[in-house]
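The next block is protein-v5.cif, given as mmCIF, C-alpha atoms.
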data_data
loop_
_atom_site.label_atom_id
_atom_site.label_comp_id
_atom_site.auth_asym_id
_atom_site.auth_seq_id
_atom_site.Cartn_x
_atom_site.Cartn_y
_atom_site.Cartn_z
CA MET A 1 100.38 25.60 -151.95
CA LEU A 2 96.64 25.94 -151.41
CA ARG A 3 96.81 29.34 -153.10
CA ASP A 4 98.56 27.76 -156.12
CA LEU A 5 95.84 25.11 -156.40
CA PHE A 6 93.07 27.70 -156.54
CA SER A 7 95.10 29.65 -159.06
CA LYS A 8 95.30 26.59 -161.34
CA LYS A 9 91.56 26.00 -161.11
CA LYS A 10 90.91 29.57 -162.02
CA LYS A 11 92.96 29.18 -165.18
CA TYR A 12 90.87 26.19 -166.32
CA ALA A 13 87.64 28.15 -165.79
CA THR A 14 88.72 31.13 -167.87
CA ILE A 15 86.07 32.22 -170.37
CA PRO A 16 87.32 32.45 -173.98
CA SER A 17 87.91 35.99 -175.18
CA GLU A 18 85.84 37.61 -177.89
CA LYS A 19 88.89 37.36 -180.16
CA ALA A 20 89.05 33.57 -179.63
CA LYS A 21 85.34 33.24 -180.40
CA GLN A 22 85.77 35.17 -183.62
CA GLU A 23 88.40 32.72 -184.82
CA VAL A 24 85.60 30.23 -185.59
CA PRO A 25 84.17 31.44 -188.94
CA GLU A 26 80.47 32.21 -188.97
CA GLY A 27 78.47 29.48 -190.70
CA LEU A 28 81.16 26.85 -190.23
CA MET A 29 78.98 24.77 -187.90
CA THR A 30 75.24 24.07 -187.83
CA LYS A 31 73.19 22.88 -184.86
CA CYS A 32 70.28 20.54 -185.59
CA PRO A 33 67.06 22.05 -184.16
CA LYS A 34 65.67 18.59 -183.43
CA CYS A 35 68.49 16.56 -181.81
CA ARG A 36 70.87 19.48 -181.07
CA ALA A 37 73.77 17.70 -182.75
CA ILE A 38 76.46 20.07 -184.03
CA MET A 39 77.93 19.32 -187.44
CA TYR A 40 80.07 20.95 -190.09
CA THR A 41 77.84 22.92 -192.46
CA LYS A 42 79.93 21.70 -195.39
CA GLU A 43 79.23 18.06 -194.48
CA LEU A 44 75.55 18.82 -193.91
CA LYS A 45 75.29 20.28 -197.42
CA LYS A 46 76.96 17.19 -198.87
CA ASN A 47 74.23 15.16 -197.15
CA LEU A 48 71.49 17.24 -198.85
CA MET A 49 70.92 19.17 -195.60
CA VAL A 50 69.70 16.05 -193.77
CA CYS A 51 70.96 15.56 -190.20
CA ASP A 52 73.12 12.44 -189.95
CA SER A 53 72.14 11.91 -186.31
CA CYS A 54 68.34 12.09 -186.40
CA GLY A 55 67.32 12.48 -190.05
CA TYR A 56 65.92 15.99 -189.61
CA HIS A 57 65.42 17.69 -192.98
CA HIS A 58 66.87 21.20 -192.95
CA ARG A 59 65.59 23.61 -195.56
CA LEU A 60 67.11 23.67 -199.02
CA THR A 61 67.31 26.77 -201.17
CA SER A 62 65.45 26.59 -204.48
CA TYR A 63 68.65 26.16 -206.50
CA GLU A 64 70.02 23.52 -204.11
CA ARG A 65 66.78 21.60 -204.57
CA ILE A 66 66.97 21.87 -208.35
CA GLU A 67 70.59 20.73 -208.34
CA SER A 68 69.69 17.67 -206.25
CA LEU A 69 66.91 16.64 -208.63
CA LEU A 70 67.74 17.51 -212.22
CA ASP A 71 70.37 16.04 -214.51
CA GLU A 72 73.48 18.21 -214.68
CA GLN A 73 73.36 21.26 -216.95
CA THR A 74 69.79 20.64 -218.12
CA PHE A 75 68.01 23.40 -216.18
CA PHE A 76 66.65 26.39 -218.06
CA GLU A 77 64.94 29.02 -215.91
CA TYR A 78 61.67 30.77 -216.76
CA ASP A 79 60.60 34.34 -215.94
CA GLU A 80 63.53 35.00 -213.62
CA ASN A 81 63.23 38.80 -213.86
CA MET A 82 59.62 39.09 -212.71
CA ILE A 83 59.32 41.29 -209.60
CA SER A 84 56.23 42.04 -207.51
CA GLU A 85 54.86 45.57 -207.40
CA ASP A 86 53.15 47.15 -204.40
CA PRO A 87 49.48 47.32 -205.49
CA LEU A 88 48.16 48.30 -202.05
CA SER A 89 50.98 50.70 -201.13
CA PHE A 90 51.53 48.51 -198.10
CA PRO A 91 53.95 50.11 -195.59
CA THR A 92 57.58 48.88 -195.95
CA TYR A 93 56.59 46.13 -198.43
CA GLU A 94 58.89 47.38 -201.19
CA GLU A 95 61.78 47.90 -198.78
CA LYS A 96 61.46 44.43 -197.24
CA SER A 97 61.14 42.80 -200.67
CA ALA A 98 64.32 44.58 -201.77
CA ILE A 99 66.13 43.25 -198.68
CA ASP A 100 64.98 39.72 -199.50
CA ARG A 101 66.16 40.06 -203.10
CA GLU A 102 69.61 41.11 -201.92
CA LYS A 103 69.78 38.45 -199.19
CA THR A 104 68.62 35.50 -201.28
CA GLY A 105 69.72 36.43 -204.80
CA LEU A 106 66.14 35.72 -205.93
CA ASN A 107 63.58 38.10 -207.40
CA GLU A 108 60.66 36.20 -205.92
CA ALA A 109 59.70 33.28 -203.68
CA ILE A 110 59.73 30.69 -206.47
CA VAL A 111 62.05 29.52 -209.23
CA THR A 112 60.46 27.88 -212.28
CA GLY A 113 61.97 26.30 -215.35
CA GLU A 114 62.53 23.12 -217.29
CA GLY A 115 65.08 20.34 -217.18
CA LYS A 116 65.49 16.59 -217.21
CA ILE A 117 65.27 13.93 -214.51
CA LYS A 118 67.08 10.79 -215.70
CA ASP A 119 66.68 12.03 -219.29
CA ILE A 120 62.93 12.65 -218.95
CA PRO A 121 62.00 16.28 -219.83
CA THR A 122 59.96 18.02 -217.14
CA VAL A 123 58.78 21.45 -216.06
CA ILE A 124 59.53 22.29 -212.44
CA GLY A 125 58.76 24.92 -209.82
CA VAL A 126 60.52 25.24 -206.47
CA MET A 127 59.36 27.64 -203.76
CA ASP A 128 61.93 29.21 -201.45
CA ALA A 129 60.92 30.02 -197.86
CA ARG A 130 63.79 32.52 -197.47
CA PHE A 131 61.90 35.09 -199.58
CA ARG A 132 58.98 36.59 -197.62
CA MET A 133 58.56 33.16 -195.95
CA GLY A 134 57.66 31.71 -199.35
CA SER A 135 54.40 33.65 -199.33
CA MET A 136 52.29 33.58 -202.48
CA GLY A 137 51.87 36.97 -204.12
CA SER A 138 50.86 37.90 -207.65
CA VAL A 139 54.23 37.03 -209.18
CA VAL A 140 54.41 33.63 -207.47
CA GLY A 141 50.95 32.76 -208.80
CA GLU A 142 51.79 34.08 -212.26
CA LYS A 143 55.07 32.15 -212.48
CA ILE A 144 53.34 28.92 -211.42
CA THR A 145 50.55 29.47 -213.95
CA ARG A 146 53.01 30.19 -216.78
CA ALA A 147 55.02 27.08 -215.88
CA ILE A 148 51.86 24.96 -216.02
CA GLU A 149 50.97 26.45 -219.41
CA ARG A 150 54.45 25.62 -220.71
CA ALA A 151 54.06 22.05 -219.43
CA ILE A 152 50.88 21.82 -221.50
CA GLU A 153 52.60 23.27 -224.59
CA LYS A 154 55.55 20.92 -224.26
CA ASP A 155 53.42 17.92 -223.31
CA ALA A 156 55.67 17.55 -220.27
CA PRO A 157 54.94 16.61 -216.63
CA PHE A 158 54.86 19.39 -214.03
CA ILE A 159 56.55 19.07 -210.63
CA LEU A 160 56.09 21.64 -207.87
CA PHE A 161 57.88 21.81 -204.52
CA SER A 162 55.91 23.92 -202.05
CA ALA A 163 57.42 25.77 -199.09
CA SER A 164 55.20 28.60 -197.94
CA GLY A 165 53.53 30.40 -195.08
CA GLY A 166 50.49 30.99 -197.30
CA ALA A 167 49.01 33.93 -199.21
CA ARG A 168 50.98 37.20 -199.05
CA MET A 169 48.97 39.60 -196.90
CA GLN A 170 50.74 42.67 -198.35
CA GLU A 171 48.92 42.05 -201.65
CA GLY A 172 45.50 41.38 -200.12
CA VAL A 173 42.82 39.92 -202.39
CA LEU A 174 45.23 39.88 -205.36
CA SER A 175 47.22 37.27 -203.49
CA LEU A 176 44.12 35.23 -202.66
CA MET A 177 43.13 35.25 -206.34
CA GLN A 178 46.30 33.26 -207.12
CA MET A 179 44.67 30.27 -205.43
CA ALA A 180 41.94 30.24 -208.07
CA LYS A 181 44.27 31.10 -210.97
CA THR A 182 46.78 28.32 -210.27
CA SER A 183 44.02 25.79 -209.59
CA ALA A 184 42.32 26.66 -212.90
CA ALA A 185 45.63 26.21 -214.74
CA LEU A 186 46.08 22.79 -213.13
CA GLN A 187 42.60 21.80 -214.30
CA LYS A 188 43.70 22.65 -217.86
CA LEU A 189 46.75 20.45 -217.38
CA HIS A 190 44.51 17.65 -216.12
CA ASP A 191 42.13 18.02 -219.09
CA HIS A 192 45.15 17.86 -221.39
CA GLY A 193 46.15 14.56 -219.78
CA GLY A 194 49.28 15.99 -218.19
CA LEU A 195 50.90 14.77 -214.99
CA PHE A 196 51.26 16.93 -211.87
CA ILE A 197 53.48 15.82 -208.98
CA SER A 198 53.12 17.97 -205.87
CA VAL A 199 55.81 17.76 -203.19
CA MET A 200 55.12 19.48 -199.87
CA THR A 201 58.12 20.54 -197.82
CA HIS A 202 58.44 22.34 -194.49
CA PRO A 203 56.27 24.37 -194.18
CA THR A 204 53.32 24.16 -196.59
CA THR A 205 50.51 26.15 -195.02
CA GLY A 206 47.68 28.62 -195.58
CA GLY A 207 46.41 29.38 -199.06
CA VAL A 208 49.15 27.34 -200.71
CA SER A 209 48.14 24.13 -198.91
CA ALA A 210 44.49 24.93 -199.70
CA SER A 211 45.10 25.27 -203.44
CA PHE A 212 47.74 23.97 -205.84
CA ALA A 213 49.86 22.11 -203.27
CA SER A 214 47.02 19.65 -202.58
CA LEU A 215 45.94 19.09 -206.19
CA GLY A 216 48.64 16.73 -207.39
CA ASP A 217 48.03 13.50 -209.24
CA TYR A 218 50.64 12.40 -206.72
CA ASN A 219 50.89 14.25 -203.41
CA LEU A 220 54.25 13.62 -201.77
CA ALA A 221 55.95 15.19 -198.75
CA GLU A 222 59.27 15.25 -196.97
CA PRO A 223 59.52 13.70 -193.49
CA GLY A 224 58.38 15.93 -190.65
CA ALA A 225 57.03 18.68 -192.93
CA LEU A 226 54.41 20.96 -191.38
CA ILE A 227 51.35 20.88 -193.66
CA GLY A 228 48.04 22.55 -192.90
CA PHE A 229 45.81 25.57 -193.31
CA ALA A 230 45.23 27.31 -189.96
CA GLY A 231 47.70 27.13 -187.08
CA ARG A 232 47.46 24.54 -184.32
CA ARG A 233 46.61 27.03 -181.58
CA ILE A 234 43.78 28.62 -183.58
CA ILE A 235 42.24 25.22 -184.32
CA GLU A 236 42.43 24.12 -180.69
CA GLN A 237 40.80 27.36 -179.55
CA THR A 238 38.07 27.01 -182.16
CA ILE A 239 37.11 23.37 -181.55
CA ARG A 240 38.05 23.50 -177.83
CA GLN A 241 39.93 20.22 -178.06
CA GLU A 242 43.56 19.23 -177.69
CA LEU A 243 45.06 18.01 -180.96
CA PRO A 244 47.40 15.01 -181.35
CA GLU A 245 51.12 15.69 -180.88
CA ASP A 246 51.90 14.88 -184.54
CA PHE A 247 48.97 16.89 -185.91
CA GLN A 248 49.68 18.62 -189.26
CA THR A 249 52.88 16.66 -189.87
CA ALA A 250 53.49 14.78 -193.12
CA GLU A 251 53.27 11.49 -191.24
CA PHE A 252 49.87 12.43 -189.74
CA LEU A 253 48.49 13.35 -193.17
CA LEU A 254 49.79 10.11 -194.69
CA LYS A 255 48.08 8.12 -191.94
CA HIS A 256 44.78 9.89 -192.67
CA GLY A 257 44.87 9.49 -196.45
CA GLN A 258 45.84 13.03 -197.46
CA LEU A 259 49.22 12.07 -198.91
CA ASP A 260 50.36 9.30 -201.21
CA ARG A 261 53.81 8.93 -199.68
CA VAL A 262 56.34 10.53 -197.35
CA VAL A 263 59.65 10.48 -199.21
CA PRO A 264 63.05 11.07 -197.56
CA ARG A 265 65.16 13.59 -199.47
CA HIS A 266 67.78 11.05 -200.51
CA GLU A 267 65.05 9.01 -202.22
CA MET A 268 63.21 11.92 -203.84
CA ARG A 269 64.98 11.95 -207.23
CA ASP A 270 64.59 8.18 -207.71
CA THR A 271 60.96 8.23 -206.56
CA ILE A 272 60.01 11.04 -208.93
CA ALA A 273 61.94 9.42 -211.78
CA THR A 274 60.00 6.18 -211.27
CA ILE A 275 56.67 8.05 -211.41
CA LEU A 276 57.77 9.86 -214.57
CA GLU A 277 58.79 6.59 -216.22
CA ILE A 278 55.41 5.03 -215.44
CA HIS A 279 53.59 7.95 -217.03
CA GLN A 280 55.75 8.45 -220.10
CA ARG A 281 53.60 8.72 -223.20
#
Will you turn the file into structure tokens for me?
Amino acid sequence: MLRDLFSKKKKYATIPSEKAKQEVPEGLMTKCPKCRAIMYTKELKKNLMVCDSCGYHHRLTSYERIESLLDEQTFFEYDENMISEDPLSFPTYEEKSAIDREKTGLNEAIVTGEGKIKDIPTVIGVMDARFRMGSMGSVVGEKITRAIERAIEKDAPFILFSASGGARMQEGVLSLMQMAKTSAALQKLHDHGGLFISVMTHPTTGGVSASFASLGDYNLAEPGALIGFAGRRIIEQTIRQELPEDFQTAEFLLKHGQLDRVVPRHEMRDTIATILEIHQR
């Protein structure tokens, strides 16, 4: 009898076979990195990739973001076939870029185009962190600049969603020059009297945060977004001080006057639409 009891316990402790594990399709479930809640990926996508348990904002792809913002069937994409070259012959750069193109279905780390938000025409750019961590190379800078120039031509507002690790090191100084080029284009938009709404998402760092992302007439951000130039550890080592726990978060920047508002994703379309209505000419 005692032997039977142990035998029963052993059955309950049996580890699932590899075949049983494989019966759960990959990508079916998603674990929240903040609260560790496990949810159906399908339901998470319906909720605009916002965790129902804690409100954590998972990343959106560029096209998911566009779909959540623009009126249906109004989006027209600009410069979709532009592809970065390898000006410095940087080792494995072309190979890794090709892998990212295949993996993401994008040719670069940003999608630009035009569409309508509640019937108001606008030009929009959305960076995608899946492609080279959203880094800013020559093509990213060029596409942003061309989108700004089209906003000027069309007398339309310009909206840009940033998600980037900063300047793309594989393109060296050519990447850094995009900071000046995009900023100069935004000055032209300003002189023209155009509206620029900058929305910083997780993460917005390096040369992107130090240039166009911080130059909006309205600077908005999603909750919990990491926003800053240098990394936390480097800053602490440089100034030899411990930084606040919420340092470089959207909420920290709002508290210190560097943002106009932190906007939850479900409120983003209505918030931007209200700003556009105020500034309609």
Original post:
Restricting the calculation to all atoms listed in the file, which member of A:Lys181, A:Lys154, A:Lys45, A:Arg59 is positioned closest to A:Phe212?
Top reply: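 Residue with the minimum atom-to-atom distance to A:Phe212: A:Lys181.
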Subject >> Residues within 10 Å of stretch 112-119 of chain A, only C-alpha atoms, excluding chain neighbours under 6 positions, as a ChimeraX atom specification >> reply: /A:62,66,69-80,125-127,140,143-144,146-148,150-151,156,158-160,269-270,272-274,276-277
Subject >> Picked residues, the PyMOL selection byres ((chain A and resi 95-109) around 9), as a VMD selection string >> reply: chain A and resid 61 to 62 80 to 84 91 to 94 110 to 111 126 to 137 139 to 140 164
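The smallest atom-to-atom distance between A:Leu88 and any of A:Glu171, A:Glu26, A:Glu236, A:Asp246, using only C-alpha atoms, is found for A:Glu171.
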Original post:
A:Asp52, A:Asp217, A:Asp191, A:Glu142: which is nearest A:Gln258, counting all atoms listed in the file?
Top reply: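 Between A:Asp52, A:Asp217, A:Asp191, A:Glu142, the residue approaching A:Gln258 most closely is A:Asp217.
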Original post:
atom CA of A:Val208 and atom CA of A:Met49, how far apart in Å?
Top reply: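 Straight-line distance from atom CA of A:Met49 to atom CA of A:Val208 works out to 23.8 Å.
Using only C-alpha atoms, the shortest contact distance between A:Ile227 and any of A:Ser175, A:Thr41, A:Gln280, A:Ser162 is found at A:Ser162.
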Subject >> Of the listed residues A:Asp86, A:Glu64, A:Asp260, A:Glu149, that which approaches A:Leu215 most closely, counting all atoms listed in the file >> reply: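 For A:Leu215, the nearest of the candidates is A:Asp260.
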**OP:** In Å, rounded to a single decimal, give me how far atom CA of A:Arg232 is from atom CA of A:Ala250.
**Re:** 14.5 Å
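Each of A:Leu254, A:Leu174, A:Leu259, A:Met169 was checked against A:Val199 using only C-alpha atoms; the smallest atom-to-atom distance is that of A:Leu259.
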Subject >> Residues returned when the PyMOL selection byres ((chain A and resi 182) around 8) runs on this file, as a count of residues only >> reply: 14
Original post:
Expressed in Å to a single decimal, how great is the separation between atom CA of A:Lys255 and atom CA of A:His58?
Top reply: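 For atom CA of A:Lys255 relative to atom CA of A:His58, the distance reads 22.9 Å.
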Provide an axis-aligned box for all listed atoms of stretch 180-197 of chain A, padding each side by 6 Å; report its centre and its edge lengths in Å to one decimal, as JSON.
{"center_x": 47.7, "center_y": 22.8, "center_z": -214.7, "size_x": 23.5, "size_y": 28.5, "size_z": 25.3}
Subject >> Expected selection from the PyMOL selection byres ((chain A and resi 50) around 12), given as number ranges by chain >> reply: A: 30-34, 37, 39, 41-49, 51-60, 222-224, 264-267
Next, the residues of the selection above should be written as a compact mmCIF listing (two decimals), keeping the file's coordinate frame with C-alpha atoms.
# COMPACT_ATOMS: atom_id res chain seq x y z
CA THR A 30 75.24 24.07 -187.83
CA LYS A 31 73.19 22.88 -184.86
CA CYS A 32 70.28 20.54 -185.59
CA PRO A 33 67.06 22.05 -184.16
CA LYS A 34 65.67 18.59 -183.43
CA ALA A 37 73.77 17.70 -182.75
CA MET A 39 77.93 19.32 -187.44
CA THR A 41 77.84 22.92 -192.46
CA LYS A 42 79.93 21.70 -195.39
CA GLU A 43 79.23 18.06 -194.48
CA LEU A 44 75.55 18.82 -193.91
CA LYS A 45 75.29 20.28 -197.42
CA LYS A 46 76.96 17.19 -198.87
CA ASN A 47 74.23 15.16 -197.15
CA LEU A 48 71.49 17.24 -198.85
CA MET A 49 70.92 19.17 -195.60
CA CYS A 51 70.96 15.56 -190.20
CA ASP A 52 73.12 12.44 -189.95
CA SER A 53 72.14 11.91 -186.31
CA CYS A 54 68.34 12.09 -186.40
CA GLY A 55 67.32 12.48 -190.05
CA TYR A 56 65.92 15.99 -189.61
CA HIS A 57 65.42 17.69 -192.98
CA HIS A 58 66.87 21.20 -192.95
CA ARG A 59 65.59 23.61 -195.56
CA LEU A 60 67.11 23.67 -199.02
CA GLU A 222 59.27 15.25 -196.97
CA PRO A 223 59.52 13.70 -193.49
CA GLY A 224 58.38 15.93 -190.65
CA PRO A 264 63.05 11.07 -197.56
CA ARG A 265 65.16 13.59 -199.47
CA HIS A 266 67.78 11.05 -200.51
CA GLU A 267 65.05 9.01 -202.22
